[in-house]
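**Q** Dropping the structure in here first, questions after.
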Amino acid sequence: MGFWKDTMKRKISLDILAGGNDLNLTGKEIPAGIRSAVMMESDQRGEVVINIPFLSKEKWRIDGIEWEESARRSGGKAAGGSILGAALVGPIGTIAGAVVGGRRRDNSKAYVYLINPMTNEEVVLHIRCTKKQYKDISAFM
């Protein structure tokens with residue numbers, strides 16, 4: 001029954017930029033650092049489970065999240081797309097190629113503040129975070 005219960009909970013994949021090693025409560029040394037984990041909702045509001053692949057699955061209290069929205073368009077890819085579009089379809093392809101080639105790339109990041117329930121120490125994770133992930137993590141609080 002526990003397996004099915006875990007699969008029904010909301011899960012968010014975390015792309016960790018900094019602070020991941022502070023999640024390591026096992027004491028095992030990780031040379032490359034922790035760069036990915038999965039955050040899942042817990043049975044209690046304000047608490048999450050952080051699952052680090054091949055390492056641990058620990059409960060943490062979520063203390064807050066700060067989101068920094070950032071997006072970028074690639075001018076080079078837009079130019080390349082417009083040239084390719086023009087070659088294949090003509091003037092209409094130029095416009096379509098520029099739009100497709102110059103799509104926005106979401107570079108948003110967030111700081112997630114977690115508290116270790118055993119020691120009451122705060123850990124700060126710096127992660128890549130889309131608007132949807134930000135809303136999902138905020139819903140855990």
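Naming scheme: A, B, ... for chains in displayed order of the structure tokens; residues 1 onward per chain; ligands 1 onward as shown.
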Determine, counting only C-alpha atoms, which protein, DNA and RNA residues have an atom within 7 Å of an atom of stretch 7-16 of chain A; residues of the same chain fewer than 3 positions away are not included. Present the result as an MDAnalysis selection string.

**A** chainID A and resid 3:4 20 35:41 125:128 133

**Q** Go ahead and write the residues just picked, all heavy atoms, as a short mmCIF file (atom, residue, chain, number, x, y, z; two decimals), in the first residue's frame.

**A**
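Just written: part25.cif:
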```cif
data_model
loop_
_atom_site.label_atom_id
_atom_site.label_comp_id
_atom_site.auth_asym_id
_atom_site.auth_seq_id
_atom_site.Cartn_x
_atom_site.Cartn_y
_atom_site.Cartn_z
N PHE A 3 3.68 1.92 -1.50
CA PHE A 3 4.15 2.28 -2.84
C PHE A 3 3.10 3.08 -3.58
O PHE A 3 3.39 4.11 -4.17
CB PHE A 3 4.51 1.01 -3.64
CG PHE A 3 4.78 1.30 -5.09
CD1 PHE A 3 5.99 1.86 -5.46
CD2 PHE A 3 3.83 1.04 -6.06
CE1 PHE A 3 6.25 2.14 -6.79
CE2 PHE A 3 4.08 1.32 -7.39
CZ PHE A 3 5.30 1.87 -7.75
N TRP A 4 1.87 2.62 -3.56
CA TRP A 4 0.80 3.33 -4.29
C TRP A 4 0.52 4.69 -3.67
O TRP A 4 0.22 5.64 -4.36
CB TRP A 4 -0.47 2.48 -4.33
CG TRP A 4 -0.25 1.25 -5.14
CD1 TRP A 4 -0.17 -0.02 -4.69
CD2 TRP A 4 -0.02 1.19 -6.55
NE1 TRP A 4 0.09 -0.89 -5.72
CE2 TRP A 4 0.18 -0.17 -6.88
CE3 TRP A 4 0.04 2.12 -7.57
CZ2 TRP A 4 0.43 -0.60 -8.17
CZ3 TRP A 4 0.29 1.69 -8.86
CH2 TRP A 4 0.48 0.36 -9.15
N GLY A 20 23.02 21.69 -2.56
CA GLY A 20 22.58 20.29 -2.56
C GLY A 20 23.30 19.42 -1.56
O GLY A 20 22.72 18.51 -0.98
N ARG A 35 23.29 17.31 -7.49
CA ARG A 35 22.78 18.22 -8.52
C ARG A 35 21.31 17.98 -8.85
O ARG A 35 20.70 18.79 -9.54
CB ARG A 35 23.61 18.08 -9.81
CG ARG A 35 25.03 18.52 -9.63
CD ARG A 35 25.07 20.02 -9.51
NE ARG A 35 26.40 20.47 -9.13
CZ ARG A 35 26.63 21.44 -8.28
NH1 ARG A 35 25.64 22.06 -7.70
NH2 ARG A 35 27.84 21.79 -7.98
N SER A 36 20.76 16.87 -8.40
CA SER A 36 19.34 16.63 -8.68
C SER A 36 18.71 15.89 -7.50
O SER A 36 19.38 15.16 -6.77
CB SER A 36 19.16 15.82 -9.96
OG SER A 36 19.72 14.55 -9.82
N ALA A 37 17.43 16.13 -7.34
CA ALA A 37 16.66 15.47 -6.29
C ALA A 37 15.18 15.58 -6.68
O ALA A 37 14.83 16.27 -7.64
CB ALA A 37 16.90 16.13 -4.93
N VAL A 38 14.35 14.91 -5.94
CA VAL A 38 12.91 14.98 -6.15
C VAL A 38 12.26 15.44 -4.86
O VAL A 38 12.52 14.86 -3.80
CB VAL A 38 12.32 13.62 -6.60
CG1 VAL A 38 10.81 13.69 -6.73
CG2 VAL A 38 12.95 13.18 -7.91
N MET A 39 11.43 16.48 -4.94
CA MET A 39 10.69 16.96 -3.78
C MET A 39 9.27 16.43 -3.88
O MET A 39 8.64 16.56 -4.94
CB MET A 39 10.67 18.50 -3.77
CG MET A 39 9.94 19.09 -2.57
SD MET A 39 9.88 20.90 -2.61
CE MET A 39 11.56 21.29 -2.17
N MET A 40 8.80 15.82 -2.79
CA MET A 40 7.44 15.27 -2.78
C MET A 40 6.68 15.84 -1.60
O MET A 40 7.28 16.15 -0.57
CB MET A 40 7.49 13.74 -2.63
CG MET A 40 8.18 13.03 -3.75
SD MET A 40 8.20 11.24 -3.54
CE MET A 40 9.39 11.04 -2.22
N GLU A 41 5.37 15.92 -1.77
CA GLU A 41 4.56 16.39 -0.65
C GLU A 41 4.56 15.32 0.43
O GLU A 41 4.69 14.13 0.16
CB GLU A 41 3.15 16.74 -1.09
CG GLU A 41 2.29 15.59 -1.54
CD GLU A 41 0.92 16.03 -1.99
OE1 GLU A 41 0.38 17.00 -1.42
OE2 GLU A 41 0.38 15.41 -2.91
N LEU A 125 18.54 25.95 -0.77
CA LEU A 125 18.81 25.36 -2.07
C LEU A 125 18.63 26.42 -3.14
O LEU A 125 17.61 27.13 -3.16
CB LEU A 125 17.83 24.23 -2.38
CG LEU A 125 17.92 22.96 -1.60
CD1 LEU A 125 16.86 21.97 -2.10
CD2 LEU A 125 19.29 22.34 -1.73
N HIS A 126 19.56 26.54 -4.05
CA HIS A 126 19.43 27.41 -5.21
C HIS A 126 19.15 26.48 -6.39
O HIS A 126 19.96 25.61 -6.69
CB HIS A 126 20.73 28.20 -5.42
CG HIS A 126 20.61 29.27 -6.43
ND1 HIS A 126 21.69 29.78 -7.09
CD2 HIS A 126 19.54 29.95 -6.92
CE1 HIS A 126 21.30 30.73 -7.92
NE2 HIS A 126 20.01 30.84 -7.83
N ILE A 127 17.98 26.63 -7.00
CA ILE A 127 17.55 25.69 -8.05
C ILE A 127 17.11 26.44 -9.30
O ILE A 127 16.74 27.60 -9.25
CB ILE A 127 16.38 24.79 -7.56
CG1 ILE A 127 15.15 25.64 -7.22
CG2 ILE A 127 16.80 23.94 -6.38
CD1 ILE A 127 13.90 24.84 -6.94
N ARG A 128 17.13 25.74 -10.44
CA ARG A 128 16.44 26.24 -11.63
C ARG A 128 14.96 25.99 -11.37
O ARG A 128 14.59 24.94 -10.87
CB ARG A 128 16.86 25.47 -12.88
CG ARG A 128 18.23 25.76 -13.35
CD ARG A 128 18.45 25.24 -14.77
NE ARG A 128 19.79 24.87 -15.10
CZ ARG A 128 20.87 25.62 -15.00
NH1 ARG A 128 20.76 26.82 -14.51
NH2 ARG A 128 22.05 25.19 -15.34
N GLN A 133 6.82 25.25 -11.40
CA GLN A 133 7.49 24.63 -10.26
C GLN A 133 7.40 25.53 -9.03
O GLN A 133 7.20 25.04 -7.92
CB GLN A 133 8.96 24.35 -10.58
CG GLN A 133 9.17 23.20 -11.53
CD GLN A 133 10.62 23.08 -11.96
OE1 GLN A 133 11.28 24.05 -12.26
NE2 GLN A 133 11.11 21.84 -11.97
#
```

**Q** Find the residues around A:Arg61 up to 6 Å (only C-alpha atoms counted), leave out those fewer than 3 positions away in its own chain, and share them as a PyMOL selection string.

**A** chain A and resi 46-47+114-115

**Q** Just checking: using only C-alpha atoms, which residue out of A:Ile50, A:Asp106, A:Asn116, A:Lys59 ends up closest to A:Lys132?

**A** A:Asp106

**Q** Determine the nearest neighbour of A:Val124 from the options A:Val112, A:Leu17, A:Ile137, A:Ile65, counting only C-alpha atoms.

**A**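 With only C-alpha atoms as the atom set, the closest residue is A:Val112.
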
**Q** Find the residues near A:Ser70: any atom within 8 Å, counting only C-alpha atoms, skip ones fewer than 3 places away on the same chain, and give them as a ChimeraX atom specification.

**A** /A:106-109

**Q** Report the distance between atom CA of A:Asp22 and atom CA of A:Val123 in Å, rounded to one decimal place.

**A**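 Computing it gives 6.4 Å between the two atoms.
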
**Q** If you count only C-alpha atoms, which residues fall within 10 Å of A:Thr26, apart from same-chain ones fewer than 4 positions away, as a ChimeraX atom specification?

**A** /A:55-58

**Q** Between A:Lys135, A:Glu69, A:Thr119, A:Asn24, which residue has the minimum interatomic distance to A:Pro53, considering only C-alpha atoms?

**A**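 Ranking A:Lys135, A:Glu69, A:Thr119, A:Asn24 by distance to A:Pro53, first place goes to A:Asn24.
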
**Q** Figure out the distance between atom CA of A:Phe54 and atom CA of A:Ala139, please, to one decimal in Å.

**A**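 Atom CA of A:Phe54 lies at a distance of 26.8 Å from atom CA of A:Ala139.
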
**Q** If I take atom CA of A:Arg45 and atom CA of A:Thr130, how far is one from the other in Å, to one decimal?

**A** 22.3 Å
